[in-house]
>>> print(open('my_file18.txt').read())   # compact mmCIF, C-alpha atoms and all ligand atoms
# COMPACT_ATOMS: atom_id res chain seq x y z
CA MET A 1 99.28 102.99 124.99
CA TRP A 2 101.33 103.48 121.83
CA GLN A 3 101.15 99.79 120.97
CA ARG A 4 97.38 99.80 121.47
CA ALA A 5 97.00 102.93 119.35
CA VAL A 6 98.98 101.42 116.46
CA ARG A 7 97.21 98.07 116.80
CA ASP A 8 93.77 99.73 116.74
CA PHE A 9 94.77 101.71 113.67
CA CYS A 10 96.11 98.60 111.93
CA GLU A 11 93.02 96.53 112.79
CA GLY A 12 90.84 99.13 111.08
CA GLU A 13 92.98 100.45 108.24
CA VAL A 14 95.70 97.94 107.39
CA LYS A 15 94.91 94.31 108.27
CA PRO A 16 91.54 94.06 106.49
CA TYR A 17 93.21 95.19 103.24
CA ALA A 18 96.38 93.06 103.41
CA GLN A 19 95.14 90.46 100.95
CA GLU A 20 93.97 93.15 98.50
CA VAL A 21 97.35 94.93 98.75
CA ASP A 22 99.11 91.63 97.99
CA GLU A 23 96.83 90.74 95.08
CA THR A 24 96.77 94.16 93.41
CA GLY A 25 100.41 94.99 94.16
CA GLN A 26 99.26 98.46 95.22
CA ILE A 27 99.98 100.11 98.52
CA ARG A 28 96.84 101.57 100.12
CA TRP A 29 97.26 105.36 100.06
CA GLU A 30 94.10 105.89 102.08
CA ALA A 31 95.84 104.17 105.01
CA ILE A 32 99.17 105.94 104.40
CA ARG A 33 97.48 109.36 104.53
CA LYS A 34 95.85 108.47 107.84
CA MET A 35 99.23 107.30 109.19
CA ARG A 36 100.38 110.90 109.02
CA ASP A 37 97.93 111.85 111.78
CA ILE A 38 99.12 109.23 114.27
CA GLY A 39 102.83 109.83 113.67
CA LEU A 40 103.68 106.70 111.69
CA LEU A 41 105.29 108.67 108.84
CA GLY A 42 107.72 110.62 111.02
CA LEU A 43 108.48 108.12 113.75
CA GLU A 44 112.00 109.40 114.47
CA VAL A 45 111.51 112.96 113.28
CA PRO A 46 111.74 115.68 115.95
CA GLU A 47 108.46 117.33 116.87
CA ALA A 48 109.87 120.63 115.61
CA TYR A 49 109.65 119.18 112.08
CA GLY A 50 106.20 117.70 112.64
CA GLY A 51 107.37 114.21 113.62
CA ALA A 52 106.46 111.85 116.47
CA GLU A 53 109.98 111.97 117.99
CA MET A 54 109.74 108.34 119.15
CA ASP A 55 112.56 106.44 120.74
CA THR A 56 113.77 103.27 119.03
CA LEU A 57 111.59 101.03 121.21
CA GLY A 58 108.54 103.00 120.11
CA VAL A 59 109.59 102.59 116.48
CA ALA A 60 110.08 98.83 116.93
CA ILE A 61 106.62 98.49 118.50
CA ALA A 62 105.04 100.39 115.60
CA ILE A 63 106.79 98.33 112.91
CA GLU A 64 105.95 95.09 114.75
CA GLU A 65 102.26 96.03 114.79
CA LEU A 66 102.35 96.98 111.10
CA GLY A 67 104.06 93.64 110.35
CA ARG A 68 101.32 91.80 112.23
CA ALA A 69 98.77 93.51 109.98
CA CYS A 70 100.37 93.57 106.50
CA GLY A 71 103.94 92.71 105.46
CA SER A 72 103.94 94.91 102.35
CA THR A 73 102.72 98.00 104.18
CA ALA A 74 105.13 97.35 107.06
CA LEU A 75 108.14 97.05 104.75
CA SER A 76 107.34 100.24 102.87
CA ILE A 77 106.73 102.18 106.10
CA SER A 78 109.83 100.70 107.74
CA ALA A 79 112.00 101.66 104.73
CA HIS A 80 110.34 105.08 104.56
CA ASN A 81 111.14 105.89 108.19
CA GLY A 82 114.45 104.13 108.79
CA LEU A 83 116.06 104.41 105.36
CA GLY A 84 114.38 107.39 103.71
CA VAL A 85 113.73 109.85 106.53
CA VAL A 86 116.23 109.10 109.33
CA PRO A 87 119.39 109.86 107.27
CA ILE A 88 117.95 113.30 106.42
CA VAL A 89 117.13 113.93 110.10
CA ARG A 90 120.61 112.79 111.16
CA TRP A 91 122.80 114.34 108.51
CA GLY A 92 120.68 116.81 106.55
CA THR A 93 121.32 120.55 106.57
CA GLU A 94 118.51 122.86 107.67
CA ALA A 95 117.84 123.59 103.99
CA GLN A 96 117.61 119.85 103.14
CA LYS A 97 115.36 119.19 106.12
CA SER A 98 113.00 122.02 105.30
CA GLN A 99 112.95 121.09 101.63
CA TYR A 100 112.24 117.37 102.04
CA LEU A 101 110.80 116.53 105.49
CA PRO A 102 107.41 118.25 104.94
CA LYS A 103 106.96 116.28 101.69
CA LEU A 104 108.05 113.01 103.30
CA LEU A 105 105.67 113.49 106.22
CA SER A 106 102.73 114.64 104.09
CA GLY A 107 101.22 111.23 103.39
CA GLU A 108 101.57 111.84 99.64
CA HIS A 109 105.09 110.34 99.31
CA LEU A 110 107.35 107.74 100.92
CA GLY A 111 111.13 107.81 101.36
CA ALA A 112 113.80 105.52 99.89
CA LEU A 113 117.46 104.59 100.24
CA ALA A 114 119.50 103.12 97.37
CA LEU A 115 122.56 101.10 98.39
CA THR A 116 122.26 97.79 96.50
CA GLU A 117 123.37 97.45 92.87
CA PRO A 118 122.98 94.64 90.33
CA GLY A 119 126.52 93.50 91.22
CA ALA A 120 126.69 94.55 94.89
CA GLY A 121 124.52 93.60 97.87
CA SER A 122 126.35 92.13 100.84
CA ASP A 123 129.69 93.51 99.63
CA LEU A 124 128.82 97.18 99.17
CA ALA A 125 132.39 98.36 99.83
CA GLY A 126 133.84 96.09 97.17
CA GLY A 127 131.01 96.16 94.67
CA VAL A 128 129.34 99.58 94.45
CA GLN A 129 130.16 101.12 91.07
CA THR A 130 127.63 103.94 90.76
CA SER A 131 129.66 107.10 90.94
CA ALA A 132 129.36 110.85 91.36
CA VAL A 133 132.03 112.91 89.63
CA ARG A 134 132.53 116.60 90.28
CA SER A 135 131.27 118.87 87.52
CA GLY A 136 131.27 122.64 87.92
CA ASN A 137 129.54 123.41 91.21
CA GLY A 138 127.90 120.02 91.50
CA TRP A 139 128.16 116.36 90.56
CA VAL A 140 127.30 114.03 87.69
CA ILE A 141 125.98 110.57 88.61
CA ASP A 142 126.24 107.45 86.45
CA GLY A 143 125.41 103.82 87.20
CA SER A 144 122.53 101.74 88.50
CA LYS A 145 120.91 100.57 91.71
CA ALA A 146 118.77 97.47 92.19
CA TRP A 147 116.11 96.17 94.59
CA ILE A 148 115.18 99.58 95.98
CA THR A 149 112.02 99.91 98.10
CA ASN A 150 109.66 102.84 97.37
CA PRO A 151 111.71 104.84 94.80
CA GLY A 152 108.73 105.60 92.56
CA LEU A 153 106.81 106.94 95.56
CA ALA A 154 109.66 109.17 96.76
CA PRO A 155 110.29 112.87 96.01
CA VAL A 156 113.99 112.27 96.66
CA ILE A 157 116.20 109.19 97.09
CA ASN A 158 119.21 108.85 99.41
CA VAL A 159 121.85 107.28 97.18
CA LEU A 160 125.19 105.72 98.14
CA LEU A 161 127.79 106.77 95.58
CA ARG A 162 131.47 106.38 94.93
CA THR A 163 133.06 109.81 94.96
CA ASP A 164 136.71 108.68 95.12
CA ARG A 165 137.77 105.35 93.66
CA GLU A 166 141.18 105.44 95.34
CA ALA A 167 140.00 106.08 98.92
CA GLY A 168 138.60 102.66 99.94
CA THR A 169 135.66 102.91 102.36
CA SER A 170 136.35 106.66 102.68
CA GLY A 171 135.59 107.02 98.97
CA PHE A 172 131.80 106.89 99.36
CA SER A 173 129.31 109.70 99.84
CA MET A 174 125.56 109.86 100.25
CA MET A 175 123.55 112.22 98.08
CA LEU A 176 119.94 113.28 97.90
CA VAL A 177 118.80 112.81 94.31
CA PRO A 178 115.38 114.28 93.41
CA THR A 179 113.30 111.70 91.54
CA ASP A 180 112.41 114.20 88.80
CA SER A 181 116.12 114.62 87.87
CA ALA A 182 116.83 114.35 84.14
CA GLY A 183 118.68 111.11 83.37
CA LEU A 184 117.20 109.14 86.30
CA THR A 185 115.01 106.22 85.26
CA ILE A 186 112.94 104.31 87.82
CA HIS A 187 112.15 100.93 86.29
CA PRO A 188 108.86 99.00 86.77
CA PRO A 189 108.45 97.08 90.05
CA GLU A 190 110.07 93.64 90.30
CA LYS A 191 107.68 90.68 90.24
CA LYS A 192 108.30 89.28 93.71
CA MET A 193 107.43 86.16 95.69
CA GLY A 194 105.94 88.21 98.53
CA LEU A 195 105.64 91.79 99.81
CA ARG A 196 103.98 92.50 96.49
CA GLY A 197 102.33 95.71 97.62
CA SER A 198 105.72 97.21 98.50
CA PRO A 199 107.34 98.35 95.25
CA THR A 200 110.94 97.20 94.68
CA GLN A 201 112.59 98.80 91.67
CA MET A 202 115.79 99.24 89.72
CA LEU A 203 117.22 102.70 89.07
CA SER A 204 119.42 103.88 86.18
CA PHE A 205 121.47 107.05 86.38
CA GLU A 206 122.70 108.43 83.06
CA GLY A 207 124.57 111.70 83.47
CA VAL A 208 122.30 112.88 86.29
CA HIS A 209 123.35 116.40 87.38
CA VAL A 210 122.88 117.39 91.02
CA GLY A 211 124.07 120.50 92.83
CA ALA A 212 126.71 120.69 95.57
CA ASP A 213 123.79 120.90 98.02
CA ALA A 214 122.82 117.28 97.17
CA LEU A 215 125.57 115.94 99.43
CA LEU A 216 124.06 114.43 102.60
CA GLY A 217 126.55 114.95 105.43
CA LYS A 218 130.23 115.16 104.58
CA GLU A 219 131.97 113.88 101.46
CA GLY A 220 133.68 110.55 102.21
CA GLN A 221 131.30 109.62 105.04
CA GLY A 222 128.86 107.57 102.92
CA PHE A 223 130.06 104.16 103.98
CA ALA A 224 130.02 104.99 107.70
CA GLN A 225 126.54 106.52 107.25
CA THR A 226 125.42 103.32 105.51
CA MET A 227 126.63 101.09 108.35
CA MET A 228 124.89 103.27 110.96
CA THR A 229 121.68 103.26 108.92
CA LEU A 230 121.79 99.47 108.53
CA ASP A 231 122.36 98.89 112.27
CA ASN A 232 119.21 100.87 112.94
CA GLY A 233 117.34 99.23 110.04
CA ARG A 234 118.11 95.78 111.41
CA ILE A 235 116.11 96.53 114.56
CA SER A 236 113.22 97.47 112.29
CA ILE A 237 113.45 94.31 110.16
CA GLY A 238 113.69 92.29 113.41
CA ALA A 239 110.51 93.98 114.62
CA LEU A 240 108.78 93.38 111.29
CA SER A 241 109.75 89.69 111.50
CA VAL A 242 108.28 89.44 115.01
CA GLY A 243 105.06 91.00 113.72
CA LEU A 244 104.81 88.56 110.81
CA ALA A 245 105.51 85.61 113.13
CA GLN A 246 102.90 86.85 115.60
CA ALA A 247 100.29 87.13 112.82
CA ALA A 248 100.93 83.58 111.56
CA PHE A 249 100.92 82.28 115.15
CA GLU A 250 97.54 83.84 115.92
CA GLU A 251 96.05 82.42 112.72
CA ALA A 252 97.44 78.97 113.53
CA VAL A 253 96.19 78.88 117.13
CA ASN A 254 92.70 80.01 116.15
CA TYR A 255 92.58 77.45 113.35
CA ALA A 256 93.84 74.64 115.60
CA LYS A 257 91.03 75.29 118.07
CA GLN A 258 88.38 74.99 115.34
CA ARG A 259 89.64 72.24 113.03
CA ARG A 260 88.72 68.74 114.18
CA ALA A 261 90.51 65.45 113.47
CA PHE A 262 90.18 62.07 115.18
CA GLY A 263 87.22 63.24 117.21
CA LYS A 264 88.69 66.39 118.76
CA PRO A 265 90.06 69.83 117.83
CA ILE A 266 93.60 69.45 116.44
CA ALA A 267 94.77 71.83 119.21
CA GLU A 268 94.26 68.90 121.58
CA HIS A 269 96.80 66.74 119.75
CA GLN A 270 100.18 66.92 121.40
CA ALA A 271 102.16 67.37 118.16
CA ILE A 272 100.17 70.55 117.41
CA GLN A 273 100.60 71.77 120.99
CA TRP A 274 104.36 71.42 120.68
CA MET A 275 104.37 73.60 117.60
CA ILE A 276 102.22 76.15 119.43
CA ALA A 277 104.46 76.08 122.51
CA ASP A 278 107.66 76.43 120.46
CA ALA A 279 106.18 79.33 118.50
CA ALA A 280 105.06 81.15 121.68
CA LEU A 281 108.52 80.69 123.19
CA GLU A 282 110.52 81.65 120.12
CA ILE A 283 108.42 84.71 119.27
CA ASP A 284 108.87 85.98 122.81
CA ALA A 285 112.64 85.38 122.67
CA ALA A 286 112.88 87.20 119.33
CA ARG A 287 110.74 90.09 120.57
CA LEU A 288 112.91 90.51 123.66
CA LEU A 289 116.08 90.55 121.55
CA VAL A 290 114.55 93.25 119.33
CA TYR A 291 113.46 95.32 122.33
CA ARG A 292 116.91 94.90 123.94
CA ALA A 293 118.67 96.16 120.81
CA ALA A 294 116.27 99.12 120.68
CA TRP A 295 116.85 99.84 124.38
CA MET A 296 120.62 99.71 123.90
CA LYS A 297 120.44 102.19 121.05
CA ASP A 298 118.19 104.46 123.11
CA HIS A 299 120.75 104.34 125.94
CA ASP A 300 123.71 105.15 123.66
CA ARG A 301 125.28 101.72 124.03
CA ASP A 302 127.16 100.05 121.17
CA TYR A 303 124.26 98.06 119.70
CA THR A 304 125.74 96.67 116.45
CA LYS A 305 125.97 93.09 117.76
CA ALA A 306 122.61 93.30 119.54
CA ALA A 307 120.90 94.55 116.36
CA ALA A 308 122.47 91.79 114.25
CA MET A 309 121.43 89.16 116.84
CA ALA A 310 117.88 90.52 117.00
CA LYS A 311 117.49 90.60 113.21
CA LEU A 312 119.01 87.15 112.74
CA LYS A 313 116.94 85.50 115.46
CA ALA A 314 113.65 87.22 114.59
CA SER A 315 113.91 86.50 110.85
CA GLU A 316 114.72 82.83 111.45
CA VAL A 317 111.90 82.55 114.00
CA ALA A 318 109.50 84.06 111.45
CA GLU A 319 110.55 81.45 108.89
CA LYS A 320 109.95 78.57 111.33
CA VAL A 321 106.71 79.89 112.83
CA CYS A 322 105.19 80.68 109.42
CA HIS A 323 106.26 77.26 108.11
CA ASN A 324 104.53 75.54 111.02
CA ALA A 325 101.47 77.78 110.76
CA ILE A 326 100.93 76.35 107.27
CA GLN A 327 101.56 72.84 108.62
CA ILE A 328 98.85 73.36 111.25
CA HIS A 329 96.44 74.54 108.54
CA GLY A 330 97.12 71.46 106.36
CA SER A 331 95.95 71.98 102.77
CA TYR A 332 94.07 75.13 103.72
CA GLY A 333 97.40 76.72 104.64
CA TYR A 334 98.55 76.18 101.07
CA SER A 335 95.58 78.14 99.75
CA ARG A 336 95.41 81.85 99.07
CA GLU A 337 92.10 81.85 100.94
CA PHE A 338 94.01 81.77 104.24
CA PRO A 339 96.39 84.57 105.36
CA VAL A 340 99.22 82.20 106.38
CA GLU A 341 100.05 81.58 102.70
CA ARG A 342 100.73 85.31 102.15
CA ILE A 343 102.50 85.78 105.49
CA TYR A 344 104.83 82.89 104.65
CA ARG A 345 105.76 84.50 101.31
CA ASP A 346 106.17 87.93 102.93
CA GLN A 347 108.47 86.74 105.70
CA ARG A 348 110.88 85.08 103.25
CA LEU A 349 112.64 88.38 102.59
CA MET A 350 113.52 88.88 106.24
CA THR A 351 116.61 86.64 106.20
CA ILE A 352 117.86 88.51 103.08
CA GLY A 353 117.10 92.26 103.29
CA GLU A 354 119.22 94.69 105.39
CA GLY A 355 121.98 92.09 105.49
CA THR A 356 121.50 88.36 104.95
CA SER A 357 121.63 85.85 107.83
CA GLU A 358 125.17 84.95 106.74
CA ILE A 359 126.22 88.61 107.04
CA GLN A 360 124.54 88.90 110.48
CA ARG A 361 126.52 85.86 111.66
CA LEU A 362 129.67 87.46 110.29
CA VAL A 363 128.95 90.71 112.19
CA ILE A 364 128.21 88.79 115.41
CA ALA A 365 131.29 86.57 115.13
CA ARG A 366 133.59 89.52 114.42
CA ARG A 367 132.29 91.30 117.52
CA VAL A 368 132.60 88.20 119.70
CA LEU A 369 136.15 87.54 118.52
CA LYS A 370 137.02 91.18 119.23
CA GLU A 371 135.50 90.94 122.71
CA PHE A 372 137.81 87.99 123.38
CA GLY A 373 140.79 90.14 122.45
C1 LIG B 401 112.03 93.14 98.69
C2 LIG B 401 113.42 93.73 98.76
C3 LIG B 401 113.56 95.05 99.21
C4 LIG B 401 114.86 95.62 99.24
N1 LIG B 401 114.98 96.95 99.58
C5 LIG B 401 116.19 97.55 99.47
C6 LIG B 401 116.33 98.96 99.66
O1 LIG B 401 115.35 99.68 99.95
N2 LIG B 401 117.57 99.51 99.48
C7 LIG B 401 118.66 98.77 99.16
O2 LIG B 401 119.74 99.34 99.00
N3 LIG B 401 118.56 97.43 98.98
C8 LIG B 401 117.36 96.79 99.13
N4 LIG B 401 117.25 95.44 98.91
C9 LIG B 401 118.44 94.65 98.59
C10 LIG B 401 118.90 93.76 99.74
O3 LIG B 401 119.33 94.52 100.85
C11 LIG B 401 120.04 92.86 99.21
O4 LIG B 401 119.43 91.99 98.26
C12 LIG B 401 120.73 92.08 100.29
O5 LIG B 401 121.57 92.94 101.03
C13 LIG B 401 121.58 90.91 99.73
O6 LIG B 401 122.37 91.31 98.67
P1 LIG B 401 122.41 90.44 97.32
O7 LIG B 401 121.00 90.16 96.93
O8 LIG B 401 123.26 91.17 96.34
O9 LIG B 401 123.07 89.08 97.71
P2 LIG B 401 124.62 88.69 97.63
O10 LIG B 401 125.42 89.69 98.37
O11 LIG B 401 124.97 88.42 96.20
O12 LIG B 401 124.63 87.33 98.43
C14 LIG B 401 124.22 86.08 97.86
C15 LIG B 401 124.44 84.99 98.90
O13 LIG B 401 125.83 84.93 99.26
C16 LIG B 401 125.99 85.08 100.65
N5 LIG B 401 127.21 85.80 100.99
C17 LIG B 401 127.69 86.95 100.47
N6 LIG B 401 128.85 87.29 101.06
C18 LIG B 401 129.10 86.36 101.99
C19 LIG B 401 130.15 86.16 102.95
N7 LIG B 401 131.15 87.03 103.10
N8 LIG B 401 130.09 85.06 103.73
C20 LIG B 401 129.07 84.17 103.63
N9 LIG B 401 128.07 84.30 102.75
C21 LIG B 401 128.07 85.38 101.94
C22 LIG B 401 124.75 85.87 101.10
O14 LIG B 401 124.49 85.71 102.47
C23 LIG B 401 123.68 85.27 100.21
O15 LIG B 401 123.25 84.06 100.77
C24 LIG B 401 115.99 94.84 98.89
C25 LIG B 401 115.81 93.51 98.47
C26 LIG B 401 114.55 92.96 98.38
C27 LIG B 401 114.41 91.56 97.87
>>> encode(input="my_file18.txt", output="structure tokens")
Amino acid sequence: MWQRAVRDFCEGEVKPYAQEVDETGQIRWEAIRKMRDIGLLGLEVPEAYGGAEMDTLGVAIAIEELGRACGSTALSISAHNGLGVVPIVRWGTEAQKSQYLPKLLSGEHLGALALTEPGAGSDLAGGVQTSAVRSGNGWVIDGSKAWITNPGLAPVINVLLRTDREAGTSGFSMMLVPTDSAGLTIHPPEKKMGLRGSPTQMLSFEGVHVGADALLGKEGQGFAQTMMTLDNGRISIGALSVGLAQAAFEEAVNYAKQRRAFGKPIAEHQAIQWMIADAALEIDAARLLVYRAAWMKDHDRDYTKAAAMAKLKASEVAEKVCHNAIQIHGSYGYSREFPVERIYRDQRLMTIGEGTSEIQRLVIARRVLKEFG
């Protein structure tokens, strides 16, 4: 029922506008405001705070459906829920929750999380330089963050900061930095290959003062909070990848049944059928891995390896399926007139964001080696 509800919503409010969102580089606020009413803006927020209180499987289904409709919208909504809102739900004080959750669920803003820096992506522990230094009752933040989704749309950004340079991975803390803070600059959106309607921006912090109440959770817990947030986010990016692959697959099958070559629809040529069969198989395998990781999280199992496997598989399946969807379209697939061109560009991020494929393999291998003692 939930899947059908999100799909119906997306068919009416998201999918028909995906090309416009890509071409204008503007997220469609009319759709975002309507998302509030069906729970898409507070997927994992308890009902007591006005959220949908979904389990992880429900979240994955929603993000998959959004991905099937529009990559840009899906990325911004996935980041909003998993990166912007969930850390506040998990670690926020009552005061932080009541200050920020109503705004984040209102349909007028989206949430954001800033981990990456110009010199630090995969190696956050070794590379993050942006720091918060105690000053009076609060903190002063200096440094910069890069490639951040939604910051200009957010009332507040969750920021990973170094609070103790001598303490290794215990020297990081997460803080909630209001976007109207003096000294914070949100730079213009990056000009990207795909996902153009989802703003990705750099942030500069120059002597930004925040109070002691900006700390999200405990001082020194920032790195552990980041790892937990990324595990969860990987299920979401896996789901988004499945949605993008599904969209390209549907376009390709419909096209193959209409386009004729050598006296028959190309769908009747065996080479095309093999691509269709492989896509059907691989999308299903990826979807099941995503749902398994979500199920494991919902049942309090250790799901780090399962989430990395789901994200790795789904993002690589999306790459292959979208590649072949263009192949099936021939020249028309290379044209902006057909959605597979946009979907191919959108999916390209999936093997990079929330941990590259190389990092997922590293996470999986470390776990496997540990399991073997
Ligand atoms: C559209 C978009 C949205 C994003 N949104 C956000 C966001 O909201 N918040 C946020 O904090 N970040 C965000 N990011 C940043 C993204 O998460 C990082 O770009 C990503 O983690 C990779 O980091 P990097 O670009 O610094 O690559 P690097 O870490 O420099 O890696 C470069 C290459 O080296 C490889 N590599 C690195 N270390 C190893 C290793 N140990 N072994 C093998 N290979 C290795 C990588 O796999 C990659 O192929 C976003 C990025 C994009 C493009």
>>> closest_residue(input="my_file18.txt", among="A:Glu250, A:Ala154, A:Lys103, A:Pro87", to="A:Gln225", atoms="only C-alpha atoms")
A:Pro87
>>> residues_around(input="my_file18.txt", residues="stretch 109-122 of chain A", least_positions_apart="4", cutoff="7 Å", atoms="all atoms listed in the file", output="PDB file with C-alpha atoms, keeping the file's coordinate frame")
ATOM      1  CA  ALA A  79     112.000 101.660 104.730  1.00  0.00           C
ATOM      2  CA  HIS A  80     110.340 105.080 104.560  1.00  0.00           C
ATOM      3  CA  LEU A  83     116.060 104.410 105.360  1.00  0.00           C
ATOM      4  CA  GLY A  84     114.380 107.390 103.710  1.00  0.00           C
ATOM      5  CA  VAL A  85     113.730 109.850 106.530  1.00  0.00           C
ATOM      6  CA  LYS A 103     106.960 116.280 101.690  1.00  0.00           C
ATOM      7  CA  LEU A 104     108.050 113.010 103.300  1.00  0.00           C
ATOM      8  CA  GLY A 127     131.010  96.160  94.670  1.00  0.00           C
ATOM      9  CA  VAL A 128     129.340  99.580  94.450  1.00  0.00           C
ATOM     10  CA  SER A 144     122.530 101.740  88.500  1.00  0.00           C
ATOM     11  CA  LYS A 145     120.910 100.570  91.710  1.00  0.00           C
ATOM     12  CA  ALA A 146     118.770  97.470  92.190  1.00  0.00           C
ATOM     13  CA  TRP A 147     116.110  96.170  94.590  1.00  0.00           C
ATOM     14  CA  ILE A 148     115.180  99.580  95.980  1.00  0.00           C
ATOM     15  CA  THR A 149     112.020  99.910  98.100  1.00  0.00           C
ATOM     16  CA  ASN A 150     109.660 102.840  97.370  1.00  0.00           C
ATOM     17  CA  PRO A 151     111.710 104.840  94.800  1.00  0.00           C
ATOM     18  CA  LEU A 153     106.810 106.940  95.560  1.00  0.00           C
ATOM     19  CA  ALA A 154     109.660 109.170  96.760  1.00  0.00           C
ATOM     20  CA  PRO A 155     110.290 112.870  96.010  1.00  0.00           C
ATOM     21  CA  ILE A 157     116.200 109.190  97.090  1.00  0.00           C
ATOM     22  CA  ASN A 158     119.210 108.850  99.410  1.00  0.00           C
ATOM     23  CA  VAL A 159     121.850 107.280  97.180  1.00  0.00           C
ATOM     24  CA  LEU A 160     125.190 105.720  98.140  1.00  0.00           C
ATOM     25  CA  GLY A 355     121.980  92.090 105.490  1.00  0.00           C
TER      26      GLY A 355
END
>>> atom_distance(input="my_file18.txt", atom1="atom O13 of ligand LIG 401 (chain B)", atom2="atom CA of A:Thr226")
19.4 Å
>>> closest_residue(input="my_file18.txt", among="A:Leu75, A:Cys322, A:Ala314, A:Ile328", to="ligand LIG 401 (chain B)", atoms="all atoms listed in the file")
A:Leu75
>>> axis_aligned_box(input="my_file18.txt", around="ligand LIG 401 (chain B)", padding_each_side="3 Å", output="AutoDock Vina command-line options")
--center_x 121.6 --center_y 91.9 --center_z 100.0 --size_x 25.1 --size_y 21.6 --size_z 13.5
>>> residues_around(input="my_file18.txt", residues="A:Ile237", least_positions_apart="6", cutoff="10 Å", atoms="only C-alpha atoms", output="number ranges by chain")
A: 60, 63-64, 67, 74-75, 78-79, 82, 230, 243, 290, 307, 310-312, 314-315, 349-351, 353-355
>>> atom_distance(input="my_file18.txt", atom1="atom CA of A:Arg367", atom2="atom CA of A:Leu161")
27.2 Å
>>> closest_residue(input="my_file18.txt", among="A:Thr229, A:Ser236, A:Ser204, A:Asn324", to="A:Arg90", atoms="only C-alpha atoms")
A:Thr229
>>> residues_near_point(input="my_file18.txt", point="(105.1, 92.9, 109.9)", cutoff="9 Å", atoms="only C-alpha atoms", output="list in words")
Ile63, Glu64, Glu65, Leu66, Gly67, Arg68, Ala69, Cys70, Gly71, Ser72, Thr73, Ala74, Leu75, Ile237, Ala239, Leu240, Ser241, Val242, Gly243, Leu244, Ala245, Gln246, Ala247, Ile343, Asp346 and Gln347 of chain A
>>> residues_around(input="my_file18.txt", residues="A:Gln221", least_positions_apart="3", cutoff="12 Å", atoms="all atoms listed in the file", output="ChimeraX atom specification")
/A:91,160-164,167-175,215-218,224-228
>>> atom_distance(input="my_file18.txt", atom1="atom CA of A:Glu251", atom2="atom CA of A:Gly333")
10.0 Å
>>> closest_residue(input="my_file18.txt", among="A:Leu288, A:Ala256, A:Ala62, A:Met193", to="ligand LIG 401 (chain B)", atoms="all atoms listed in the file")
A:Met193
>>> residues_near_point(input="my_file18.txt", point="(111.2, 85.4, 115.5)", cutoff="8 Å", atoms="only C-alpha atoms", output="ChimeraX atom specification")
/A:238,241-242,245,282-287,313-319,321
>>> write_last_selection(input="my_file18.txt", atoms="C-alpha atoms", output="PDB file, in the frame of the given file")
ATOM      1  CA  GLY A 238     113.690  92.290 113.410  1.00  0.00           C
ATOM      2  CA  SER A 241     109.750  89.690 111.500  1.00  0.00           C
ATOM      3  CA  VAL A 242     108.280  89.440 115.010  1.00  0.00           C
ATOM      4  CA  ALA A 245     105.510  85.610 113.130  1.00  0.00           C
ATOM      5  CA  GLU A 282     110.520  81.650 120.120  1.00  0.00           C
ATOM      6  CA  ILE A 283     108.420  84.710 119.270  1.00  0.00           C
ATOM      7  CA  ASP A 284     108.870  85.980 122.810  1.00  0.00           C
ATOM      8  CA  ALA A 285     112.640  85.380 122.670  1.00  0.00           C
ATOM      9  CA  ALA A 286     112.880  87.200 119.330  1.00  0.00           C
ATOM     10  CA  ARG A 287     110.740  90.090 120.570  1.00  0.00           C
ATOM     11  CA  LYS A 313     116.940  85.500 115.460  1.00  0.00           C
ATOM     12  CA  ALA A 314     113.650  87.220 114.590  1.00  0.00           C
ATOM     13  CA  SER A 315     113.910  86.500 110.850  1.00  0.00           C
ATOM     14  CA  GLU A 316     114.720  82.830 111.450  1.00  0.00           C
ATOM     15  CA  VAL A 317     111.900  82.550 114.000  1.00  0.00           C
ATOM     16  CA  ALA A 318     109.500  84.060 111.450  1.00  0.00           C
ATOM     17  CA  GLU A 319     110.550  81.450 108.890  1.00  0.00           C
ATOM     18  CA  VAL A 321     106.710  79.890 112.830  1.00  0.00           C
TER      19      VAL A 321
END
>>> closest_residue(input="my_file18.txt", among="A:Gly12, A:Gly152, A:Pro339, A:Gly107", to="ligand LIG 401 (chain B)", atoms="all atoms listed in the file")
A:Gly152
>>> closest_residue(input="my_file18.txt", among="A:Gly58, A:Gln26, A:Gly39, A:Phe338", to="A:Met1", atoms="all atoms listed in the file")
A:Gly58
>>> residues_around(input="my_file18.txt", residues="A:Asp213", least_positions_apart="6", cutoff="12 Å", atoms="all atoms listed in the file", output="PyMOL selection string")
chain A and resi 92-97+99+137-139+174-178+219
>>> decode(input="my_file18.txt", residues="stretch 306-311 of chain A", atoms="N, CA and C atoms", output="short mmCIF file (atom, residue, chain, number, x, y, z; two decimals), in the first residue's frame")
data_model
loop_
_atom_site.label_atom_id
_atom_site.label_comp_id
_atom_site.auth_asym_id
_atom_site.auth_seq_id
_atom_site.Cartn_x
_atom_site.Cartn_y
_atom_site.Cartn_z
N ALA A 306 25.99 -5.65 5.18
CA ALA A 306 24.82 -5.78 4.30
C ALA A 306 24.51 -4.46 3.59
N ALA A 307 24.68 -3.34 4.30
CA ALA A 307 24.40 -2.03 3.68
C ALA A 307 25.45 -1.72 2.62
N ALA A 308 26.71 -2.04 2.91
CA ALA A 308 27.78 -1.79 1.93
C ALA A 308 27.56 -2.66 0.69
N MET A 309 27.16 -3.93 0.90
CA MET A 309 26.92 -4.84 -0.23
C MET A 309 25.74 -4.34 -1.07
N ALA A 310 24.69 -3.90 -0.40
CA ALA A 310 23.50 -3.42 -1.12
C ALA A 310 23.83 -2.19 -1.95
N LYS A 311 24.55 -1.26 -1.35
CA LYS A 311 24.89 -0.01 -2.05
C LYS A 311 25.82 -0.29 -3.22
#
